[in-house]
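Heads up, start.csv below (CSV, C-alpha atoms):
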```
chain,number,residue,atom,x,y,z
A,111,MET,CA,36.0,-72.8,-21.1
A,112,LYS,CA,37.1,-71.3,-24.4
A,113,LEU,CA,38.5,-74.5,-25.8
A,114,LEU,CA,35.3,-76.5,-25.2
A,115,GLU,CA,33.1,-73.7,-26.6
A,116,ASP,CA,35.2,-73.6,-29.8
A,117,VAL,CA,34.9,-77.4,-30.2
A,118,ILE,CA,31.1,-77.3,-29.6
A,119,ARG,CA,30.8,-74.5,-32.3
A,120,GLU,CA,33.0,-76.4,-34.7
A,121,LYS,CA,31.8,-80.0,-34.2
A,122,GLY,CA,28.4,-79.8,-32.5
A,123,THR,CA,25.3,-80.1,-34.6
A,124,ILE,CA,21.8,-78.9,-33.7
A,125,LEU,CA,18.9,-81.1,-34.3
A,126,GLU,CA,15.2,-80.2,-34.4
A,127,GLY,CA,13.8,-79.4,-31.0
A,128,GLY,CA,17.0,-77.8,-29.8
A,129,VAL,CA,18.9,-81.1,-29.3
A,130,LEU,CA,22.6,-80.5,-29.4
A,131,LYS,CA,24.5,-83.5,-30.9
A,132,VAL,CA,28.1,-83.8,-29.8
A,133,ASP,CA,28.7,-87.4,-31.0
A,134,SER,CA,32.0,-86.6,-32.6
A,135,PHE,CA,33.9,-85.8,-29.4
A,136,LEU,CA,31.8,-86.8,-26.3
A,137,ASN,CA,28.8,-89.0,-26.8
A,138,HIS,CA,29.9,-91.6,-29.3
A,139,GLN,CA,33.4,-90.8,-30.5
A,140,ILE,CA,35.5,-89.5,-27.6
A,141,ASP,CA,38.4,-87.0,-28.0
A,142,PRO,CA,40.8,-88.2,-25.2
A,143,GLU,CA,42.9,-85.0,-25.3
A,144,LEU,CA,39.8,-82.8,-24.8
A,145,MET,CA,38.5,-85.2,-22.1
A,146,LYS,CA,41.8,-84.8,-20.2
A,147,ALA,CA,41.6,-81.0,-20.5
A,148,LEU,CA,38.0,-81.1,-19.1
A,149,GLY,CA,39.0,-83.5,-16.3
A,150,ASP,CA,41.9,-81.4,-15.3
A,151,GLU,CA,39.7,-78.3,-15.2
A,152,PHE,CA,37.3,-80.1,-12.8
A,153,ALA,CA,40.1,-81.3,-10.7
A,154,HIS,CA,41.7,-77.8,-10.5
A,155,ALA,CA,38.4,-76.2,-9.5
A,156,PHE,CA,37.5,-78.7,-6.8
A,157,LYS,CA,41.0,-79.7,-5.5
A,158,ASP,CA,40.5,-77.9,-2.1
A,159,HIS,CA,37.0,-79.3,-1.5
A,160,GLY,CA,38.1,-82.5,0.3
A,161,ILE,CA,36.7,-84.8,-2.4
A,162,ASN,CA,37.5,-88.5,-2.0
A,163,LYS,CA,35.2,-89.9,-4.7
A,164,ILE,CA,33.8,-88.9,-8.1
A,165,LEU,CA,30.3,-90.0,-9.0
A,166,THR,CA,29.0,-90.1,-12.6
A,167,VAL,CA,26.4,-92.0,-14.7
A,168,GLU,CA,27.2,-94.3,-17.6
A,169,THR,CA,28.1,-93.7,-20.3
A,170,SER,CA,29.3,-90.3,-21.4
A,171,GLY,CA,30.3,-88.9,-18.0
A,172,ILE,CA,32.9,-91.6,-17.6
A,173,ALA,CA,35.7,-90.2,-19.8
A,174,PRO,CA,36.0,-86.7,-18.2
A,175,ALA,CA,35.4,-88.3,-14.8
A,176,VAL,CA,38.3,-90.7,-15.0
A,177,PHE,CA,40.7,-87.9,-16.0
A,178,ALA,CA,39.5,-85.8,-13.1
A,179,GLY,CA,39.8,-88.8,-10.8
A,180,PHE,CA,43.3,-89.4,-12.0
A,181,GLU,CA,44.3,-85.8,-11.3
A,182,LEU,CA,42.6,-85.7,-7.9
A,183,GLY,CA,43.9,-89.2,-7.0
A,184,VAL,CA,40.3,-90.5,-6.2
A,185,PRO,CA,38.2,-93.4,-7.5
A,186,VAL,CA,35.2,-92.9,-9.9
A,187,VAL,CA,31.9,-94.7,-9.4
A,188,PHE,CA,29.5,-94.7,-12.2
A,189,GLY,CA,25.8,-95.2,-11.7
A,190,ARG,CA,24.4,-98.1,-13.8
A,191,LYS,CA,21.4,-97.5,-15.9
A,192,ASN,CA,18.9,-100.2,-16.5
A,193,LYS,CA,15.2,-100.4,-17.3
A,194,SER,CA,14.5,-103.2,-14.8
A,195,LEU,CA,12.3,-102.4,-11.8
A,196,THR,CA,13.5,-105.6,-10.0
A,197,LEU,CA,14.4,-104.9,-6.4
A,198,GLN,CA,18.1,-104.9,-6.3
A,199,ASP,CA,19.9,-106.0,-3.1
A,200,ASN,CA,22.7,-103.9,-1.7
A,201,MET,CA,22.0,-101.1,-4.2
A,202,TYR,CA,20.9,-97.5,-4.0
A,203,THR,CA,18.4,-97.0,-6.8
A,204,THR,CA,16.5,-94.1,-8.2
A,205,SER,CA,14.5,-93.4,-11.3
A,206,VAL,CA,15.6,-90.8,-13.8
A,207,TYR,CA,13.6,-89.5,-16.7
A,208,SER,CA,15.4,-88.6,-19.9
A,209,TYR,CA,13.5,-85.9,-21.8
A,210,THR,CA,15.7,-86.4,-24.9
A,211,LYS,CA,15.1,-90.2,-25.0
A,212,GLN,CA,11.6,-90.0,-23.4
A,213,ILE,CA,12.3,-93.0,-21.2
A,214,SER,CA,12.8,-93.6,-17.5
A,215,ASN,CA,15.9,-95.4,-16.4
A,216,GLU,CA,16.7,-96.8,-13.0
A,217,ILE,CA,20.2,-95.6,-11.9
A,218,SER,CA,21.8,-97.9,-9.3
A,219,ILE,CA,25.0,-97.6,-7.2
A,220,SER,CA,26.2,-100.4,-5.0
A,221,LYS,CA,26.2,-99.7,-1.2
A,222,ASP,CA,29.8,-101.1,-1.3
A,223,PHE,CA,31.0,-98.0,-3.0
A,224,LEU,CA,29.1,-95.1,-1.4
A,225,ASP,CA,28.6,-94.3,2.2
A,226,SER,CA,28.5,-91.6,4.9
A,227,ASN,CA,32.3,-91.2,4.8
A,228,ASP,CA,32.2,-90.0,1.2
A,229,ARG,CA,32.6,-86.5,0.1
A,230,VAL,CA,31.6,-86.6,-3.6
A,231,LEU,CA,32.2,-84.6,-6.8
A,232,ILE,CA,29.4,-85.3,-9.3
A,233,ILE,CA,30.5,-85.1,-12.9
A,234,ASP,CA,28.1,-85.5,-15.9
A,235,ASP,CA,28.2,-84.7,-19.6
A,236,PHE,CA,25.0,-82.6,-19.8
A,237,LEU,CA,22.9,-80.5,-17.5
A,238,ALA,CA,19.5,-79.7,-19.0
A,239,ASN,CA,16.5,-80.5,-16.9
A,240,GLY,CA,18.7,-81.7,-14.1
A,241,GLN,CA,17.1,-85.2,-13.8
A,242,ALA,CA,20.4,-87.1,-13.7
A,243,VAL,CA,22.0,-84.8,-11.2
A,244,ALA,CA,18.8,-84.9,-9.1
A,245,GLY,CA,19.0,-88.7,-9.2
A,246,LEU,CA,22.6,-88.8,-8.1
A,247,LEU,CA,21.9,-86.2,-5.3
A,248,SER,CA,19.0,-88.4,-4.1
A,249,ILE,CA,21.3,-91.5,-4.0
A,250,CYS,CA,24.0,-89.5,-2.1
A,251,LYS,CA,21.4,-88.4,0.4
A,252,ASN,CA,20.2,-92.0,0.9
A,253,ALA,CA,23.8,-93.1,1.4
A,254,GLY,CA,24.6,-90.3,3.8
A,255,ALA,CA,27.3,-89.0,1.5
A,256,SER,CA,28.0,-85.3,1.2
A,257,VAL,CA,28.2,-83.6,-2.1
A,258,ALA,CA,31.1,-81.1,-2.4
A,259,GLY,CA,30.4,-80.0,-5.9
A,260,ILE,CA,29.0,-80.6,-9.4
A,261,GLY,CA,31.0,-80.5,-12.6
A,262,ILE,CA,29.1,-80.4,-15.9
A,263,VAL,CA,30.6,-80.5,-19.4
A,264,ILE,CA,27.8,-78.8,-21.3
A,265,GLU,CA,25.0,-76.9,-19.5
A,266,LYS,CA,21.9,-75.8,-21.3
A,267,SER,CA,21.5,-72.8,-19.1
A,268,PHE,CA,18.0,-72.0,-20.4
A,269,GLN,CA,16.6,-75.2,-19.0
A,270,LYS,CA,15.6,-75.8,-15.4
A,271,GLY,CA,18.6,-77.9,-14.2
A,272,ARG,CA,20.9,-74.9,-13.5
A,273,ARG,CA,18.3,-73.2,-11.3
A,274,PHE,CA,17.6,-76.5,-9.5
A,275,VAL,CA,21.3,-76.9,-8.7
A,276,GLU,CA,21.7,-73.2,-7.6
A,277,GLU,CA,18.8,-73.6,-5.3
A,278,SER,CA,20.5,-76.6,-3.7
A,279,GLY,CA,23.4,-74.4,-2.7
A,280,ILE,CA,26.0,-76.9,-4.0
A,281,PRO,CA,28.9,-75.3,-5.9
A,282,ILE,CA,28.6,-76.0,-9.7
A,283,LEU,CA,31.1,-75.6,-12.5
A,284,SER,CA,29.8,-76.0,-16.0
A,285,LEU,CA,32.6,-75.8,-18.6
A,286,ALA,CA,30.3,-74.6,-21.4
A,287,ARG,CA,27.1,-72.8,-20.7
A,288,ILE,CA,24.7,-72.5,-23.6
A,289,ALA,CA,22.4,-69.5,-23.4
A,290,SER,CA,20.4,-70.4,-26.5
A,291,LEU,CA,20.6,-72.6,-29.5
A,292,ASP,CA,18.6,-72.8,-32.7
A,293,GLU,CA,19.1,-73.2,-36.4
A,294,HIS,CA,21.1,-70.0,-36.5
A,295,GLY,CA,23.7,-71.3,-34.1
A,296,ILE,CA,24.8,-71.4,-30.4
A,297,THR,CA,25.1,-68.5,-28.0
A,298,PHE,CA,27.1,-69.1,-24.8
A,299,VAL,CA,26.4,-67.4,-21.5
A,300,ASP,CA,28.6,-64.3,-21.5
A,301,GLU,CA,30.8,-64.9,-18.5
A,302,SER,CA,31.5,-61.2,-18.1
A,303,THR,CA,27.8,-60.4,-17.5
A,304,ASP,CA,27.0,-63.5,-15.5
A,305,GLN,CA,27.3,-62.9,-11.8
A,306,ASN,CA,26.6,-66.5,-10.9
A,307,ASN,CA,29.1,-68.0,-13.2
A,308,ASP,CA,31.8,-70.1,-11.4
B,198,MET,CA,51.0,-107.6,-16.1
B,199,LYS,CA,52.0,-108.1,-12.6
B,200,LEU,CA,50.3,-105.0,-11.2
B,201,LEU,CA,46.9,-106.0,-12.6
B,202,GLU,CA,47.2,-109.6,-11.5
B,203,ASP,CA,48.0,-108.4,-7.9
B,204,VAL,CA,44.9,-106.1,-8.0
B,205,ILE,CA,42.7,-109.0,-9.3
B,206,ARG,CA,44.0,-111.3,-6.5
B,207,GLU,CA,43.5,-108.7,-3.8
B,208,LYS,CA,40.2,-107.1,-4.9
B,209,GLY,CA,38.4,-109.5,-7.2
B,210,THR,CA,35.8,-111.8,-5.9
B,211,ILE,CA,34.7,-115.1,-7.4
B,212,LEU,CA,30.9,-115.8,-7.6
B,213,GLU,CA,29.2,-119.1,-8.2
B,214,GLY,CA,29.7,-120.4,-11.7
B,215,GLY,CA,33.2,-119.0,-12.1
B,216,VAL,CA,32.1,-115.4,-12.5
B,217,LEU,CA,34.9,-113.0,-11.6
B,218,LYS,CA,33.6,-109.8,-10.0
B,219,VAL,CA,35.9,-106.8,-10.4
B,220,ASP,CA,33.4,-104.1,-9.4
B,221,SER,CA,35.8,-102.3,-7.1
B,222,PHE,CA,38.2,-101.2,-9.7
B,223,LEU,CA,36.9,-101.8,-13.2
B,224,ASN,CA,33.2,-102.5,-13.6
B,225,HIS,CA,31.4,-100.2,-11.2
B,226,GLN,CA,34.0,-98.3,-9.2
B,227,ILE,CA,36.9,-97.3,-11.4
B,228,ASP,CA,40.5,-96.9,-10.3
B,229,PRO,CA,41.8,-94.1,-12.6
B,230,GLU,CA,45.5,-94.7,-11.7
B,231,LEU,CA,45.2,-98.4,-12.6
B,232,MET,CA,43.3,-97.5,-15.8
B,233,LYS,CA,46.1,-95.2,-16.9
B,234,ALA,CA,48.6,-97.9,-16.3
B,235,LEU,CA,46.5,-100.3,-18.4
B,236,GLY,CA,46.0,-97.7,-21.2
B,237,ASP,CA,49.7,-96.9,-21.3
B,238,GLU,CA,50.5,-100.6,-21.6
B,239,PHE,CA,48.1,-101.0,-24.6
B,240,ALA,CA,49.5,-97.8,-26.2
B,241,HIS,CA,53.1,-99.0,-25.7
B,242,ALA,CA,52.4,-102.5,-27.2
B,243,PHE,CA,50.6,-101.2,-30.3
B,244,LYS,CA,52.3,-97.9,-30.9
B,245,ASP,CA,54.0,-99.0,-34.1
B,246,HIS,CA,50.9,-100.6,-35.6
B,247,GLY,CA,49.6,-97.5,-37.5
B,248,ILE,CA,46.5,-97.2,-35.4
B,249,ASN,CA,44.3,-94.2,-35.9
B,250,LYS,CA,41.3,-95.1,-33.8
B,251,ILE,CA,40.4,-97.2,-30.8
B,252,LEU,CA,37.1,-99.1,-30.7
B,253,THR,CA,35.4,-100.3,-27.5
B,254,VAL,CA,32.0,-101.1,-26.2
B,255,GLU,CA,30.2,-99.3,-23.4
B,256,THR,CA,30.6,-99.3,-20.5
B,257,SER,CA,33.7,-100.8,-18.8
B,258,GLY,CA,36.0,-100.7,-21.8
B,259,ILE,CA,35.9,-96.9,-22.0
B,260,ALA,CA,38.2,-96.0,-19.1
B,261,PRO,CA,41.3,-98.0,-20.2
B,262,ALA,CA,40.5,-97.0,-23.9
B,263,VAL,CA,40.5,-93.3,-23.3
B,264,PHE,CA,43.9,-93.5,-21.5
B,265,ALA,CA,45.3,-95.6,-24.4
B,266,GLY,CA,43.7,-93.1,-26.8
B,267,PHE,CA,45.3,-90.2,-25.0
B,268,GLU,CA,48.7,-91.8,-25.1
B,269,LEU,CA,48.4,-92.8,-28.8
B,270,GLY,CA,46.9,-89.5,-29.8
B,271,VAL,CA,43.8,-91.1,-31.4
B,272,PRO,CA,40.0,-90.9,-30.8
B,273,VAL,CA,38.0,-93.6,-29.1
B,274,VAL,CA,34.7,-94.8,-30.5
B,275,PHE,CA,32.5,-96.8,-28.2
B,276,GLY,CA,29.8,-99.2,-29.5
B,277,ARG,CA,26.4,-98.4,-28.0
B,278,LYS,CA,24.4,-101.2,-26.5
B,279,ASN,CA,20.7,-101.3,-26.8
B,280,LYS,CA,18.0,-103.9,-26.7
B,281,SER,CA,16.0,-102.3,-29.5
B,282,LEU,CA,15.7,-104.1,-32.8
B,283,THR,CA,14.6,-101.0,-34.6
B,284,LEU,CA,16.4,-100.4,-37.8
B,285,GLN,CA,18.9,-97.7,-37.2
B,286,ASP,CA,19.9,-95.4,-40.1
B,287,ASN,CA,23.5,-94.7,-40.7
B,288,MET,CA,24.6,-97.3,-38.1
B,289,TYR,CA,26.6,-100.5,-38.3
B,290,THR,CA,24.8,-102.9,-36.0
B,291,THR,CA,25.4,-106.4,-34.7
B,292,SER,CA,23.9,-108.6,-32.1
B,293,VAL,CA,26.1,-109.7,-29.1
B,294,TYR,CA,25.0,-112.4,-26.6
B,295,SER,CA,26.2,-112.0,-23.1
B,296,TYR,CA,26.6,-115.4,-21.3
B,297,THR,CA,27.0,-113.6,-17.9
B,298,LYS,CA,23.8,-111.6,-18.2
B,299,GLN,CA,22.1,-114.1,-20.5
B,300,ILE,CA,20.7,-111.4,-22.8
B,301,SER,CA,21.4,-110.3,-26.3
B,302,ASN,CA,22.3,-106.7,-27.0
B,303,GLU,CA,22.5,-104.9,-30.2
B,304,ILE,CA,25.8,-103.0,-30.6
B,305,SER,CA,25.8,-100.0,-32.9
B,306,ILE,CA,28.5,-97.8,-34.3
B,307,SER,CA,27.7,-94.8,-36.4
B,308,LYS,CA,29.0,-94.8,-40.0
B,309,ASP,CA,30.2,-91.3,-39.4
B,310,PHE,CA,33.0,-92.6,-37.1
B,311,LEU,CA,34.2,-95.8,-38.8
B,312,ASP,CA,35.2,-96.4,-42.4
B,313,SER,CA,37.7,-98.0,-44.7
B,314,ASN,CA,40.4,-95.5,-43.8
B,315,ASP,CA,40.5,-96.7,-40.3
B,316,ARG,CA,43.1,-98.9,-38.7
B,317,VAL,CA,41.6,-99.9,-35.4
B,318,LEU,CA,42.8,-101.1,-32.0
B,319,ILE,CA,39.9,-102.9,-30.2
B,320,ILE,CA,40.0,-102.6,-26.4
B,321,ASP,CA,37.6,-104.4,-24.0
B,322,ASP,CA,37.4,-105.2,-20.3
B,323,PHE,CA,36.9,-108.9,-20.6
B,324,LEU,CA,37.5,-111.7,-23.1
B,325,ALA,CA,35.6,-114.8,-22.3
B,326,ASN,CA,33.5,-116.4,-25.0
B,327,GLY,CA,34.6,-113.7,-27.4
B,328,GLN,CA,31.1,-112.5,-28.3
B,329,ALA,CA,31.8,-108.7,-27.9
B,330,VAL,CA,35.1,-108.9,-29.8
B,331,ALA,CA,33.4,-111.0,-32.5
B,332,GLY,CA,30.7,-108.3,-32.8
B,333,LEU,CA,33.3,-105.5,-33.1
B,334,LEU,CA,35.2,-107.4,-35.7
B,335,SER,CA,32.0,-108.0,-37.7
B,336,ILE,CA,31.3,-104.2,-37.5
B,337,CYS,CA,34.8,-103.4,-38.7
B,338,LYS,CA,34.5,-105.8,-41.6
B,339,ASN,CA,31.2,-104.2,-42.6
B,340,ALA,CA,32.8,-100.8,-42.4
B,341,GLY,CA,35.9,-101.9,-44.4
B,342,ALA,CA,38.1,-100.9,-41.5
B,343,SER,CA,41.2,-103.0,-40.7
B,344,VAL,CA,41.9,-104.3,-37.2
B,345,ALA,CA,45.5,-103.9,-36.2
B,346,GLY,CA,45.2,-105.4,-32.7
B,347,ILE,CA,43.0,-106.4,-29.8
B,348,GLY,CA,43.8,-105.3,-26.2
B,349,ILE,CA,42.0,-107.1,-23.3
B,350,VAL,CA,42.1,-106.2,-19.7
B,351,ILE,CA,41.2,-109.6,-18.3
B,352,GLU,CA,41.1,-112.7,-20.3
B,353,LYS,CA,39.6,-116.0,-19.2
B,354,SER,CA,42.0,-118.1,-21.1
B,355,PHE,CA,40.0,-121.3,-20.5
B,356,GLN,CA,37.0,-120.0,-22.4
B,357,LYS,CA,36.7,-120.0,-26.2
B,358,GLY,CA,37.3,-116.3,-26.9
B,359,ARG,CA,41.2,-116.6,-26.8
B,360,ARG,CA,41.2,-119.4,-29.4
B,361,PHE,CA,38.7,-117.5,-31.6
B,362,VAL,CA,41.0,-114.4,-31.6
B,363,GLU,CA,44.2,-116.5,-32.3
B,364,GLU,CA,42.5,-118.2,-35.2
B,365,SER,CA,41.7,-114.8,-36.7
B,366,GLY,CA,45.4,-114.0,-36.8
B,367,ILE,CA,44.9,-110.6,-35.2
B,368,PRO,CA,47.6,-109.7,-32.6
B,369,ILE,CA,46.2,-109.8,-29.1
B,370,LEU,CA,47.5,-108.5,-25.8
B,371,SER,CA,45.6,-109.5,-22.7
B,372,LEU,CA,47.0,-107.8,-19.6
B,373,ALA,CA,45.8,-110.6,-17.2
B,374,ARG,CA,45.3,-114.1,-18.4
B,375,ILE,CA,43.3,-116.3,-16.1
B,376,ALA,CA,44.1,-120.0,-16.5
B,377,SER,CA,41.5,-121.1,-13.9
B,378,LEU,CA,39.4,-119.8,-11.1
B,379,ASP,CA,37.3,-121.5,-8.5
B,380,GLU,CA,36.5,-121.2,-4.8
B,381,HIS,CA,40.2,-121.8,-4.0
B,382,GLY,CA,41.4,-118.8,-5.9
B,383,ILE,CA,42.7,-117.7,-9.2
B,384,THR,CA,45.6,-119.1,-11.3
B,385,PHE,CA,47.1,-117.0,-14.0
B,386,VAL,CA,48.6,-118.3,-17.2
B,387,ASP,CA,52.3,-118.7,-16.5
B,388,GLU,CA,53.9,-116.5,-19.1
B,389,SER,CA,57.2,-118.5,-19.0
B,390,THR,CA,55.5,-121.6,-20.2
B,391,ASP,CA,53.1,-120.0,-22.6
B,392,GLN,CA,54.5,-119.8,-26.1
B,393,ASN,CA,51.7,-117.9,-27.5
B,394,ASN,CA,51.7,-115.2,-24.9
B,395,ASP,CA,52.2,-111.7,-26.3
```

When written as structure tokens, how does the structure in this file appear?
Amino acid sequence: MKLLEDVIREKGTILEGGVLKVDSFLNHQIDPELMKALGDEFAHAFKDHGINKILTVETSGIAPAVFAGFELGVPVVFGRKNKSLTLQDNMYTTSVYSYTKQISNEISISKDFLDSNDRVLIIDDFLANGQAVAGLLSICKNAGASVAGIGIVIEKSFQKGRRFVEESGIPILSLARIASLDEHGITFVDESTDQNND
Amino acid sequence: MKLLEDVIREKGTILEGGVLKVDSFLNHQIDPELMKALGDEFAHAFKDHGINKILTVETSGIAPAVFAGFELGVPVVFGRKNKSLTLQDNMYTTSVYSYTKQISNEISISKDFLDSNDRVLIIDDFLANGQAVAGLLSICKNAGASVAGIGIVIEKSFQKGRRFVEESGIPILSLARIASLDEHGITFVDESTDQNND
């Protein structure tokens, strides 16, 4: 998505270790107009997939997810993060490791809001190692819900998450796919040469 | 706001101790259509207040805030919650006690996204004891930002937060104002008899 790539180039900053910081429009300050454009793009791509629910994880997936949910006319459920290992009644729970923050979080979703009648679109802000997506897929499996697609705002295509999703066979749309990033800048996956690009 | 009161009556559940659970449309599952209606209402009420930024706190304030931000054409900044007491560079930080969860969280906002040029609308999901709003007001004061208004989705008018805000003199709009709630149900503040209602 050209618009998003331009915003990332203009406003993203690259920290040591290849961490891309997009705090000015996605992860701390949110640009609502951009979020609506992203949400609309997800909705358009998956409108014929029979989706009745969007699943995301707090916090930064929520803004694009609610615009997509508005456009598709479906509710959004966000997985709650907490560090507690307390057994939680009536919750699907899984552990997700964040390489960036180097901590494990429990992600929980109430059984009241996910079951075998659900056909889900997963939306998240980043796909890198695929831990958050794997956690949400595991919760969907436990709930008996089917996953119709995965929508990612920014994918680091050089990390293992993309391959993990492709091997699952679930359709994926990543709105910006980063081939590489370092102190010299960001290179996006060239869509014209990428056969697997959605 | 009649629409919101109806949804609260229909879908809210009251737990022991007067806790109102609205997990099915606001705090865990999100109803995007309702969130847009709430966001539009805030935007309409504060459109002539010279607002250039919306401030909220993760997580449940984000959905109504991004719709309001879209309508007003302004960015949304969300305060990040964390339990760490580590000194954080370049951040405004304040401590907020949650009576419901009985824990204190640090709320942080980067100095990159709030300064003395900002005229802010604060939006949050609940106003009860006013701790979160007080925290955001304190951060705005430290940043030199002015606060043009406060928009609340659900106010528990019988708790001290409402009075705290009124004493601050900052205009407040609460879309649903709960006068009382117990096992018999919910009573909303009767707007026709409430002189201070916005």

_I'd like the contact shell of Gln328 of chain B - 8 Å cut-off, only C-alpha atoms, skipping same-chain residues fewer than 3 positions apart - returned as an MDAnalysis selection string._
chainID B and resid 293:295 325 331:332 358

_Top pick for closest residue to Ile217 of chain A, considering A:Met145, A:Leu165, A:Val176, A:Val132 and counting all atoms listed in the file_ = A:Leu165

*Any idea what the distance is between atom CA of Pro261 of chain B and atom CA of Gly236 of chain B?*
4.8 Å

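Comparing A:Lys146, A:Lys221, A:Lys270, A:His154 by their smallest distance to chain B, the closest is A:Lys146 (using only C-alpha atoms).
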
_Using Å and a single decimal, report how far atom CA of Ile306 of chain B sits from atom CA of Val274 of chain B._
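That distance, rounded to one decimal, is 7.9 Å.
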
Leu370 of chain B environment, 7 Å, all atoms listed in the file, sequence neighbours closer than 2 positions dropped, as a CSV table (one decimal) with C-alpha atoms, in the coordinates of the input:
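Once everything was written out, this is part_17.csv:
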```csv
chain,number,residue,atom,x,y,z
B,347,ILE,CA,43.0,-106.4,-29.8
B,348,GLY,CA,43.8,-105.3,-26.2
B,349,ILE,CA,42.0,-107.1,-23.3
B,368,PRO,CA,47.6,-109.7,-32.6
B,372,LEU,CA,47.0,-107.8,-19.6
B,395,ASP,CA,52.2,-111.7,-26.3
```

*Pick from A:Val263, A:Leu182, A:Val257, A:Ile296: nearest to Leu148 of chain A, with all atoms listed in the file counted?*
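Checking each of A:Val263, A:Leu182, A:Val257, A:Ile296 against Leu148 of chain A, counting all atoms listed in the file, the winner is A:Val263.
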
*With only C-alpha atoms as the atoms that count, which of A:Val117, A:Leu237, A:Ile161, A:Leu144 lies nearest to chain B?*
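Using only C-alpha atoms, the shortest distance to chain B belongs to A:Leu144.
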
Within 6 Å of chain A, which residues of chain B come that close, and what is the closest atom pair and distance in Å for each? Count all atoms listed in the file and give it as CSV.
```
residue,atom,partner,partner_atom,distance
B:His225,CA,A:Val187,CA,5.8
B:Gln226,CA,A:Val187,CA,4.2
B:Ile227,CA,A:Val186,CA,4.9
B:Asp228,CA,A:Pro185,CA,5.0
B:Pro229,CA,A:Phe180,CA,5.0
B:Glu230,CA,A:Phe180,CA,5.7
B:Val263,CA,A:Pro142,CA,5.5
B:Gly266,CA,A:Pro142,CA,5.9
B:Phe267,CA,A:Pro142,CA,4.9
B:Pro272,CA,A:Asp141,CA,5.1
B:Val273,CA,A:Ile140,CA,5.0
B:Val274,CA,A:Gln139,CA,4.2
B:Phe275,CA,A:His138,CA,5.9
```
